[in-house]
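Data from run-v8.cif: mmCIF, C-alpha atoms
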data_structure
#
loop_
_atom_site.group_PDB
_atom_site.id
_atom_site.type_symbol
_atom_site.label_atom_id
_atom_site.label_comp_id
_atom_site.auth_asym_id
_atom_site.auth_seq_id
_atom_site.Cartn_x
_atom_site.Cartn_y
_atom_site.Cartn_z
ATOM 1 C CA ARG G 1 79.031 81.735 -64.333
ATOM 2 C CA SER G 2 76.299 84.024 -63.058
ATOM 3 C CA GLY G 3 74.294 83.212 -66.165
ATOM 4 C CA LEU G 4 74.489 79.475 -65.446
ATOM 5 C CA GLU G 5 73.394 79.999 -61.844
ATOM 6 C CA THR G 6 70.485 82.135 -63.033
ATOM 7 C CA ASP G 7 69.458 79.404 -65.485
ATOM 8 C CA ARG G 8 69.620 76.759 -62.762
ATOM 9 C CA LEU G 9 67.588 78.944 -60.435
ATOM 10 C CA ALA G 10 64.965 79.453 -63.156
ATOM 11 C CA VAL G 11 64.759 75.696 -63.805
ATOM 12 C CA THR G 12 64.432 74.967 -60.074
ATOM 13 C CA PHE G 13 61.772 77.662 -59.689
ATOM 14 C CA ASN G 14 59.781 76.281 -62.637
ATOM 15 C CA LYS G 15 59.914 72.763 -61.211
ATOM 16 C CA MET G 16 58.754 74.055 -57.838
ATOM 17 C CA SER G 17 55.883 75.959 -59.471
ATOM 18 C CA GLU G 18 54.820 72.869 -61.409
ATOM 19 C CA ALA G 19 54.918 70.795 -58.212
ATOM 20 C CA LEU G 20 52.823 73.347 -56.337
ATOM 21 C CA GLU G 21 50.293 73.428 -59.171
ATOM 22 C CA GLY G 22 50.128 69.645 -59.062
ATOM 23 C CA TYR G 23 49.536 69.646 -55.305
ATOM 24 C CA GLU G 24 46.790 72.239 -55.710
ATOM 25 C CA ARG G 25 45.078 70.166 -58.405
ATOM 26 C CA GLU G 26 45.237 67.098 -56.161
ATOM 27 C CA ARG G 27 43.841 69.112 -53.229
ATOM 28 C CA ARG G 28 40.909 70.396 -55.294
ATOM 29 C CA ALA G 29 40.211 66.917 -56.639
ATOM 30 C CA MET G 30 40.278 65.429 -53.151
ATOM 31 C CA VAL G 31 37.927 68.098 -51.782
ATOM 32 C CA ALA G 32 35.532 67.384 -54.652
ATOM 33 C CA ASP G 33 35.741 63.635 -53.951
ATOM 34 C CA ILE G 34 35.100 64.183 -50.241
ATOM 35 C CA ALA G 35 32.078 66.374 -51.014
ATOM 36 C CA HIS G 36 30.714 63.697 -53.344
ATOM 37 C CA GLU G 37 31.254 60.882 -50.838
ATOM 38 C CA LEU G 38 29.558 62.856 -48.051
ATOM 39 C CA ARG G 39 26.688 64.079 -50.227
ATOM 40 C CA THR G 40 25.488 60.603 -51.223
ATOM 41 C CA PRO G 41 24.709 59.195 -47.729
ATOM 42 C CA LEU G 42 23.553 62.608 -46.477
ATOM 43 C CA THR G 43 21.069 62.930 -49.337
ATOM 44 C CA ALA G 44 19.769 59.409 -48.788
ATOM 45 C CA LEU G 45 19.445 60.077 -45.065
ATOM 46 C CA GLN G 46 17.604 63.350 -45.584
ATOM 47 C CA MET G 47 15.181 61.875 -48.129
ATOM 48 C CA ARG G 48 14.354 58.951 -45.868
ATOM 49 C CA LEU G 49 13.785 61.216 -42.851
ATOM 50 C CA GLU G 50 11.548 63.540 -44.889
ATOM 51 C CA ALA G 51 9.521 60.551 -46.087
ATOM 52 C CA LEU G 52 9.085 59.411 -42.492
ATOM 53 C CA GLN G 53 8.141 62.927 -41.383
ATOM 54 C CA ASP G 54 5.523 63.257 -44.138
ATOM 55 C CA GLY G 55 4.064 59.851 -43.341
ATOM 56 C CA LEU G 56 4.950 58.438 -46.762
ATOM 57 C CA VAL G 57 6.605 55.429 -45.166
ATOM 58 C CA PRO G 58 5.957 53.905 -41.728
ATOM 59 C CA LEU G 59 8.577 54.042 -38.993
ATOM 60 C CA THR G 60 9.465 50.371 -38.790
ATOM 61 C CA GLU G 61 12.441 48.494 -37.419
ATOM 62 C CA GLY G 62 13.672 48.102 -40.991
ATOM 63 C CA GLN G 63 13.596 51.867 -41.514
ATOM 64 C CA VAL G 64 15.558 52.437 -38.312
ATOM 65 C CA GLU G 65 18.184 49.876 -39.405
ATOM 66 C CA HIS G 66 18.498 51.634 -42.760
ATOM 67 C CA LEU G 67 19.031 54.999 -41.067
ATOM 68 C CA LEU G 68 21.624 53.489 -38.741
ATOM 69 C CA ARG G 69 23.515 52.061 -41.718
ATOM 70 C CA GLN G 70 23.621 55.487 -43.364
ATOM 71 C CA THR G 71 24.832 57.223 -40.202
ATOM 72 C CA GLY G 72 27.368 54.424 -39.691
ATOM 73 C CA LEU G 73 28.749 55.035 -43.185
ATOM 74 C CA LEU G 74 29.055 58.747 -42.474
ATOM 75 C CA SER G 75 30.837 58.091 -39.178
ATOM 76 C CA ARG G 76 33.234 55.698 -40.858
ATOM 77 C CA LEU G 77 33.970 58.132 -43.666
ATOM 78 C CA VAL G 78 34.686 60.976 -41.244
ATOM 79 C CA GLU G 79 36.980 58.790 -39.121
ATOM 80 C CA ASP G 80 38.811 57.545 -42.240
ATOM 81 C CA LEU G 81 39.326 61.128 -43.391
ATOM 82 C CA ARG G 82 40.640 62.060 -39.946
ATOM 83 C CA THR G 83 43.158 59.215 -40.016
ATOM 84 C CA LEU G 84 44.472 60.196 -43.433
ATOM 85 C CA SER G 85 44.591 63.890 -42.508
ATOM 86 C CA LEU G 86 46.670 63.130 -39.417
ATOM 87 C CA ALA G 87 49.007 60.998 -41.516
ATOM 88 C CA ASP G 88 49.370 63.743 -44.143
ATOM 89 C CA ALA G 89 50.221 66.251 -41.416
ATOM 90 C CA GLY G 90 52.788 63.911 -39.873
ATOM 91 C CA ARG G 91 50.771 63.746 -36.653
ATOM 92 C CA LEU G 92 49.734 60.093 -36.773
ATOM 93 C CA THR G 93 52.093 58.391 -34.356
ATOM 94 C CA LEU G 94 52.434 54.671 -33.758
ATOM 95 C CA HIS G 95 52.565 53.103 -30.292
ATOM 96 C CA LYS G 96 54.503 49.920 -30.925
ATOM 97 C CA GLN G 97 54.843 47.020 -28.555
ATOM 98 C CA PRO G 98 55.909 43.377 -28.967
ATOM 99 C CA THR G 99 52.861 41.498 -30.224
ATOM 100 C CA ASP G 100 52.111 37.902 -31.160
ATOM 101 C CA LEU G 101 50.618 38.528 -34.588
ATOM 102 C CA SER G 102 48.927 35.125 -34.685
ATOM 103 C CA GLU G 103 46.903 36.071 -31.591
ATOM 104 C CA LEU G 104 46.154 39.535 -32.987
ATOM 105 C CA ALA G 105 44.978 38.014 -36.288
ATOM 106 C CA ALA G 106 42.717 35.565 -34.428
ATOM 107 C CA GLU G 107 41.144 38.438 -32.497
ATOM 108 C CA VAL G 108 40.458 40.411 -35.693
ATOM 109 C CA LEU G 109 39.044 37.343 -37.425
ATOM 110 C CA GLU G 110 36.687 36.655 -34.525
ATOM 111 C CA GLY G 111 35.138 40.079 -35.054
ATOM 112 C CA PHE G 112 34.086 39.063 -38.581
ATOM 113 C CA ALA G 113 32.955 35.515 -37.762
ATOM 114 C CA GLU G 114 29.234 36.247 -37.457
ATOM 115 C CA ARG G 115 29.174 38.397 -40.586
ATOM 116 C CA ALA G 116 30.905 35.638 -42.557
ATOM 117 C CA ARG G 117 28.487 33.032 -41.211
ATOM 118 C CA GLN G 118 25.466 35.095 -42.216
ATOM 119 C CA GLY G 119 26.936 35.596 -45.694
ATOM 120 C CA GLY G 120 27.677 31.904 -46.142
ATOM 121 C CA VAL G 121 31.417 32.525 -46.436
ATOM 122 C CA ALA G 122 34.042 30.265 -44.866
ATOM 123 C CA LEU G 123 36.452 32.387 -42.807
ATOM 124 C CA THR G 124 39.703 30.650 -41.932
ATOM 125 C CA LEU G 125 42.991 31.482 -40.247
ATOM 126 C CA SER G 126 46.409 29.978 -40.924
ATOM 127 C CA ALA G 127 48.914 31.498 -38.518
ATOM 128 C CA GLU G 128 52.311 30.699 -37.058
ATOM 129 C CA PRO G 129 53.269 32.259 -33.711
ATOM 130 C CA VAL G 130 55.479 35.219 -34.563
ATOM 131 C CA THR G 131 56.247 38.275 -32.443
ATOM 132 C CA LEU G 132 56.863 41.742 -33.841
ATOM 133 C CA ALA G 133 56.768 45.275 -32.438
ATOM 134 C CA VAL G 134 53.660 46.893 -33.957
ATOM 135 C CA ASP G 135 50.912 49.332 -33.108
ATOM 136 C CA GLN G 136 48.213 46.810 -32.255
ATOM 137 C CA THR G 137 45.257 49.126 -32.872
ATOM 138 C CA ARG G 138 46.537 50.304 -36.243
ATOM 139 C CA LEU G 139 47.493 46.836 -37.449
ATOM 140 C CA MET G 140 44.064 45.552 -36.441
ATOM 141 C CA GLN G 141 42.662 48.384 -38.554
ATOM 142 C CA VAL G 142 44.771 47.208 -41.495
ATOM 143 C CA LEU G 143 43.573 43.607 -41.219
ATOM 144 C CA GLY G 144 40.008 44.733 -40.558
ATOM 145 C CA ASN G 145 39.900 46.825 -43.728
ATOM 146 C CA LEU G 146 41.329 43.998 -45.823
ATOM 147 C CA LEU G 147 38.910 41.433 -44.384
ATOM 148 C CA ASP G 148 35.992 43.831 -44.830
ATOM 149 C CA ASN G 149 36.821 44.223 -48.524
ATOM 150 C CA ALA G 150 37.338 40.484 -48.966
ATOM 151 C CA LEU G 151 33.953 39.647 -47.436
ATOM 152 C CA ARG G 152 32.237 42.234 -49.621
ATOM 153 C CA ALA G 153 33.788 40.660 -52.719
ATOM 154 C CA THR G 154 33.165 36.998 -51.838
ATOM 155 C CA PRO G 155 29.801 35.416 -52.676
ATOM 156 C CA ALA G 156 28.019 32.827 -50.573
ATOM 157 C CA GLY G 157 29.796 29.500 -50.694
ATOM 158 C CA GLY G 158 33.174 31.168 -51.063
ATOM 159 C CA GLU G 159 36.140 31.473 -48.731
ATOM 160 C CA VAL G 160 38.204 34.232 -47.147
ATOM 161 C CA ARG G 161 41.521 33.215 -45.635
ATOM 162 C CA LEU G 162 43.915 35.122 -43.396
ATOM 163 C CA ARG G 163 47.529 33.930 -43.211
ATOM 164 C CA VAL G 164 50.318 34.999 -40.859
ATOM 165 C CA GLU G 165 53.833 33.669 -41.375
ATOM 166 C CA PRO G 166 57.468 34.692 -40.971
ATOM 167 C CA ASP G 167 59.018 36.302 -44.018
ATOM 168 C CA ALA G 168 62.125 34.183 -44.438
ATOM 169 C CA ALA G 169 63.551 36.428 -47.135
ATOM 170 C CA GLY G 170 63.110 39.760 -45.343
ATOM 171 C CA GLY G 171 63.354 38.632 -41.729
ATOM 172 C CA GLY G 172 59.982 40.156 -40.913
ATOM 173 C CA VAL G 173 56.374 39.002 -41.109
ATOM 174 C CA ARG G 174 54.000 38.448 -44.002
ATOM 175 C CA LEU G 175 50.243 38.889 -43.574
ATOM 176 C CA GLU G 176 47.958 37.773 -46.395
ATOM 177 C CA VAL G 177 44.230 38.055 -47.016
ATOM 178 C CA LEU G 178 42.915 35.843 -49.806
ATOM 179 C CA ASP G 179 39.381 35.587 -51.149
ATOM 180 C CA SER G 180 37.491 33.589 -53.765
ATOM 181 C CA GLY G 181 35.646 36.553 -55.256
ATOM 182 C CA PRO G 182 35.816 37.811 -58.848
ATOM 183 C CA GLY G 183 39.296 39.288 -58.430
ATOM 184 C CA ILE G 184 40.538 42.771 -59.261
ATOM 185 C CA PRO G 185 40.084 44.221 -62.764
ATOM 186 C CA ALA G 186 43.529 44.606 -64.318
ATOM 187 C CA GLY G 187 42.908 48.289 -65.014
ATOM 188 C CA ASP G 188 42.220 48.968 -61.326
ATOM 189 C CA LEU G 189 45.428 47.459 -59.968
ATOM 190 C CA PRO G 190 47.809 50.416 -60.580
ATOM 191 C CA GLY G 191 45.727 52.913 -58.583
ATOM 192 C CA LEU G 192 44.068 50.515 -56.162
ATOM 193 C CA PHE G 193 45.502 52.159 -53.036
ATOM 194 C CA GLU G 194 44.715 55.725 -54.057
ATOM 195 C CA ARG G 195 41.987 57.606 -52.222
ATOM 196 C CA PHE G 196 38.418 57.236 -53.488
ATOM 197 C CA THR G 197 39.450 54.913 -56.329
ATOM 198 C CA GLN G 198 38.240 51.841 -54.448
ATOM 199 C CA GLY G 199 34.805 51.322 -53.022
ATOM 200 C CA LYS G 200 32.810 53.853 -55.055
ATOM 201 C CA ASP G 201 30.456 51.156 -56.283
ATOM 202 C CA VAL G 202 30.656 48.961 -53.189
ATOM 203 C CA LYS G 203 27.712 49.293 -50.848
ATOM 204 C CA GLY G 204 28.808 50.557 -47.440
ATOM 205 C CA ALA G 205 32.414 51.252 -48.432
ATOM 206 C CA SER G 206 34.002 54.650 -47.885
ATOM 207 C CA GLY G 207 36.497 54.414 -50.735
ATOM 208 C CA LEU G 208 39.318 55.109 -48.278
ATOM 209 C CA GLY G 209 39.911 51.672 -46.773
ATOM 210 C CA LEU G 210 42.829 50.638 -48.964
ATOM 211 C CA ALA G 211 44.400 54.102 -48.827
ATOM 212 C CA ILE G 212 44.406 53.774 -45.033
ATOM 213 C CA VAL G 213 45.884 50.276 -45.287
ATOM 214 C CA GLU G 214 48.734 51.576 -47.450
ATOM 215 C CA THR G 215 49.338 54.554 -45.139
ATOM 216 C CA LEU G 216 49.428 52.514 -41.915
ATOM 217 C CA VAL G 217 51.605 49.789 -43.420
ATOM 218 C CA ARG G 218 54.032 52.424 -44.724
ATOM 219 C CA LEU G 219 54.209 54.011 -41.253
ATOM 220 C CA HIS G 220 55.243 50.583 -39.950
ATOM 221 C CA GLY G 221 58.053 50.568 -42.510
ATOM 222 C CA GLY G 222 56.346 47.882 -44.576
ATOM 223 C CA ARG G 223 54.621 47.566 -47.913
ATOM 224 C CA VAL G 224 51.338 46.192 -49.213
ATOM 225 C CA ARG G 225 50.682 44.657 -52.614
ATOM 226 C CA ALA G 226 47.579 43.394 -54.370
ATOM 227 C CA ALA G 227 47.293 40.753 -57.060
ATOM 228 C CA ASN G 228 44.879 38.276 -58.582
ATOM 229 C CA ARG G 229 45.238 34.641 -57.600
ATOM 230 C CA ALA G 230 45.865 32.061 -60.282
ATOM 231 C CA GLY G 231 42.860 30.063 -59.137
ATOM 232 C CA GLY G 232 40.577 33.092 -58.950
ATOM 233 C CA GLY G 233 40.006 35.779 -56.344
ATOM 234 C CA ALA G 234 42.243 38.471 -54.928
ATOM 235 C CA LEU G 235 45.341 38.403 -52.746
ATOM 236 C CA PHE G 236 46.521 41.255 -50.522
ATOM 237 C CA ARG G 237 49.973 40.815 -49.005
ATOM 238 C CA VAL G 238 51.348 42.994 -46.190
ATOM 239 C CA SER G 239 55.088 42.685 -45.570
ATOM 240 C CA LEU G 240 56.415 44.116 -42.294
ATOM 241 C CA PRO G 241 60.142 44.375 -41.522
ATOM 242 C CA GLY G 242 61.679 42.664 -38.516
#
Mind turning this structure into structure tokens?
Amino acid sequence: RSGLETDRLAVTFNKMSEALEGYERERRAMVADIAHELRTPLTALQMRLEALQDGLVPLTEGQVEHLLRQTGLLSRLVEDLRTLSLADAGRLTLHKQPTDLSELAAEVLEGFAERARQGGVALTLSAEPVTLAVDQTRLMQVLGNLLDNALRATPAGGEVRLRVEPDAAGGGVRLEVLDSGPGIPAGDLPGLFERFTQGKDVKGASGLGLAIVETLVRLHGGRVRAANRAGGGALFRVSLPG
């Protein structure tokens, strides 16, 4: 009997060691990804400032706007990393209150109206009044990230649609963001919500937006899925329990 217990202990210890090694590999990979994501805008910012200092380029309004975009990307990346770090540490708490999600969706959409207009993209809302206890700030962050990605993917003349409707099957709420962009490459779908796998080649994206969406939806007890639409474009569906 003691031999069997020793064998079981050895198996358990080996599994624990393998798990710890896996966590360490993931930690090192994430640190390397973070360093890469920070280095790119920092390098661009430094080079532009040095060029201005040396008089190689004039200090124009366009140059100032470029610098502001770079610092904005850095600020967004740092805040995204903070959100995920708090979630990993179990310190990201939700402050839920009964909320009409149709009104919340309209408020989020309004924040993207001018950007959509300038990009020639039709931005529409289809929402039924439905009340659910949610963290308003965090759910607005979820919808904001999804709309931001959809607008980046949709060319002029296209459409981005936000839908809010009761989930008859689950008794909760379903939120959907649909676009008429090129869709999601099939090979990207399995790891789409992993950190730094999305947004690497998208100008102005931190690569953490969808990871944050998945984390915040999960904290609400829901789930998020991505798919390609039959008629073209991408569909992101957030299902929240009642």
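Minimum atom-to-atom distances from G:Gly157, G:Gly191, G:Pro58, G:Pro41 to Thr71 (chain G) were compared using all atoms listed in the file, and the lowest value belongs to G:Pro41.
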Practice task
Name the residues in contact with region 134-147 of chain G at a cut-off of 9 Å, using only C-alpha atoms, excluding same-chain residues fewer than 4 positions from it; report them as a VMD selection string.
Solution key: chain G and resid 94 to 99 101 104 to 105 107 to 109 111 to 112 151 to 152 160 to 162 175 to 179 209 to 210 212 to 214 216 to 217 220 236
Exercise for the section: Point out the residue among G:Ala122, G:Ala168, G:Gly183, G:Arg48 with the least atom-to-atom distance to Gly62 (chain G), counting only C-alpha atoms. Expected result: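 Looking only at the distances to Gly62 (chain G), the closest residue turns out to be G:Arg48.
Residues selected in this file by the PyMOL selection byres ((chain G and resi 42) around 12) comprise G:Ala35, G:His36, G:Glu37, G:Leu38, G:Arg39, G:Thr40, G:Pro41, G:Thr43, G:Ala44, G:Leu45, G:Gln46, G:Met47, G:Arg48, G:Leu49, G:Leu67, G:Arg69, G:Gln70, G:Thr71, G:Gly72, G:Leu73, G:Leu74, G:Ser75, G:Leu77.
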Practice task
Report the distance between CA of Gly222 (chain G) and CA of Ala113 (chain G) in Å, rounded to one decimal place.
Solution key: 27.3 Å
Problem - Residues matched by the PyMOL selection byres ((chain G and resi 173) around 9) as number ranges by chain - result: G: 101, 130-132, 164-168, 170-172, 174-175, 238-242
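Between CA of Pro155 (chain G) and CA of Arg229 (chain G) the interatomic distance comes to 16.2 Å.
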Practice task
Please indicate the distance in Å from CA of Leu208 (chain G) to CA of Arg195 (chain G), rounded to one decimal place.
Solution key: 5.4 Å
Exercise for the section: Rank nothing, just name the residue among G:Pro129, G:Pro190, G:Gly231, G:Gly55 nearest to Asp100 (chain G), using only C-alpha atoms. Expected result: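 Between G:Pro129, G:Pro190, G:Gly231, G:Gly55, the residue approaching Asp100 (chain G) most closely is G:Pro129.
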Handout entry: Top pick for closest residue to Thr154 (chain G), considering G:Glu103, G:Gly233, G:Val78, G:Glu110 and counting only C-alpha atoms
Key =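 When distances to Thr154 (chain G) are compared using only C-alpha atoms, the smallest one comes from G:Gly233.
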May I have the centre and edge lengths, in Å to one decimal, of an axis-aligned box around the listed atoms of region 107-113 of chain G with 6 Å added to every side, as AutoDock Vina command-line options?
--center_x 37.0 --center_y 38.0 --center_z -35.5 --size_x 20.2 --size_y 16.9 --size_z 18.1
Practice task
Could you tell me which of G:Leu86, G:Ala10, G:Ala51, G:Ile184 comes closest to Gly232 (chain G) if we count all atoms listed in the file?
Solution key: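 Residue with the minimum atom-to-atom distance to Gly232 (chain G): G:Ile184.
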